[in-house]
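Read the structure below first, then the notes.
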Amino acid sequence: MASPDFSDRPSLGIIGFGAFGRLIADHLRDFLKIYATDSAPLAEAPEGVTLTDLARVCACDIVVLAVPVAALGALCAQIAPLLRPGALVMDVGSVKVEPARIMVAQLPPHVSVIATHPMFGPQSIGGRHAGAQACALSHSRR
């Protein structure tokens, strides 16, 4: 059976390539073109991930902010002029009111914002990720 053609798949940019950013990339790299950046130097990219600069990550269709809540305000101010019109920007923090307020206040009106509250994280998911991959696959085919 031939592999599916993902040449036209959407792009996902991850800002903050720590434990949560890597978890996202690990589960979605077969379905999306993934670009990542981090404030700390990164040695090498995992398979299916392109390490790049902040501007390239912000040019993606979907941008995930995987940074501490305390860093979110400064990050949003920095990326606001870099985000492309129509981009979807989401955070993965475990609190919602303040991240949602920050993103709505500081990101441009030409992007959509989703303040998420993940039901799992790098520590809790362990090796149980088949459901996450199945969910990603079903959404990527819509």
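Ordering of the structure tokens sets the chain letters (A, B, ...); residue numbers start at 1 within each chain; ligands are numbered from 1 in the order shown.
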
**Request:** Would you return as a ChimeraX atom specification the members of range 27-125 of chain A that DSSP assigns to alpha helix (DSSP H) on this structure's backbone?
**Result:** /A:27-28,54-58,69-79,97-106,122-125

**Item:** Between CA of Pro109 in chain A and CA of Phe17 in chain A, distance in Å (one decimal)
**Value:**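 For CA of Pro109 in chain A relative to CA of Phe17 in chain A, the distance reads 26.0 Å.
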
**Message:** as a count of residues only, please: the residues near range 33-50 of chain A (cut-off 12 Å, only C-alpha atoms, same-chain neighbours under 3 positions excluded).
**Reply:** 44

**Message:** Just checking: using only C-alpha atoms, which residue out of A:Thr116, A:Ala105, A:Val111, A:Gln78 ends up closest to Met90 in chain A?
**Reply:**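 Using only C-alpha atoms, Met90 in chain A sits closest to A:Thr116.
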
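Of the residues listed (A:Pro118, A:Pro81, A:Ala70, A:His110), A:Ala70 shows the shortest atom-to-atom separation from Glu98 in chain A; distances use only C-alpha atoms.
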
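Using only C-alpha atoms, the smallest distance between any of A:Ile102, A:Val92, A:Val97, A:Ala115 and Ala77 in chain A comes from A:Ile102.
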
**Item:** Residue contacts of Leu107 in chain A (8 Å, only C-alpha atoms) excluding same-chain residues fewer than 5 positions away, as a list in words
**Value:** Cys76, Ala77, Ile79 and Ala80 of chain A

Take the selection from the previous step and output its residues with N, CA and C atoms, as a PDB file, in the first residue's frame.
```
ATOM      1  N   CYS A  76       3.765  37.008  23.080  1.00  0.00           N
ATOM      2  CA  CYS A  76       2.686  37.495  22.208  1.00  0.00           C
ATOM      3  C   CYS A  76       3.036  38.847  21.592  1.00  0.00           C
ATOM      4  N   ALA A  77       3.645  39.727  22.384  1.00  0.00           N
ATOM      5  CA  ALA A  77       4.066  41.023  21.849  1.00  0.00           C
ATOM      6  C   ALA A  77       5.119  40.839  20.754  1.00  0.00           C
ATOM      7  N   ILE A  79       5.592  38.105  18.775  1.00  0.00           N
ATOM      8  CA  ILE A  79       5.149  37.398  17.566  1.00  0.00           C
ATOM      9  C   ILE A  79       4.011  38.105  16.829  1.00  0.00           C
ATOM     10  N   ALA A  80       3.337  39.036  17.468  1.00  0.00           N
ATOM     11  CA  ALA A  80       2.172  39.696  16.849  1.00  0.00           C
ATOM     12  C   ALA A  80       2.451  40.181  15.424  1.00  0.00           C
TER      13      ALA A  80
END
```

**Asked** Just asking: which residues within range 36-99 of chain A are strand (DSSP E) according to DSSP, as a ChimeraX atom specification?
**Response** /A:36-37,49-51,62-65,88-91

Deliver the residues from the most recent selection as a file, using C-alpha atoms, as an mmCIF file, in the first residue's frame.
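New file selection-v1.cif:
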```
data_model
loop_
_atom_site.group_PDB
_atom_site.id
_atom_site.type_symbol
_atom_site.label_atom_id
_atom_site.label_comp_id
_atom_site.auth_asym_id
_atom_site.auth_seq_id
_atom_site.Cartn_x
_atom_site.Cartn_y
_atom_site.Cartn_z
ATOM 1 C CA ALA A 36 9.784 24.409 15.989
ATOM 2 C CA THR A 37 11.816 26.970 17.858
ATOM 3 C CA VAL A 49 10.491 18.346 12.680
ATOM 4 C CA THR A 50 12.354 21.302 11.205
ATOM 5 C CA LEU A 51 14.113 23.499 13.754
ATOM 6 C CA ILE A 62 -1.227 26.788 13.189
ATOM 7 C CA VAL A 63 1.038 28.177 15.904
ATOM 8 C CA VAL A 64 1.233 26.524 19.323
ATOM 9 C CA LEU A 65 2.569 28.547 22.239
ATOM 10 C CA LEU A 88 -4.716 29.794 14.308
ATOM 11 C CA VAL A 89 -2.801 30.498 17.530
ATOM 12 C CA MET A 90 -3.265 28.334 20.598
ATOM 13 C CA ASP A 91 -1.599 27.851 23.948
#
```
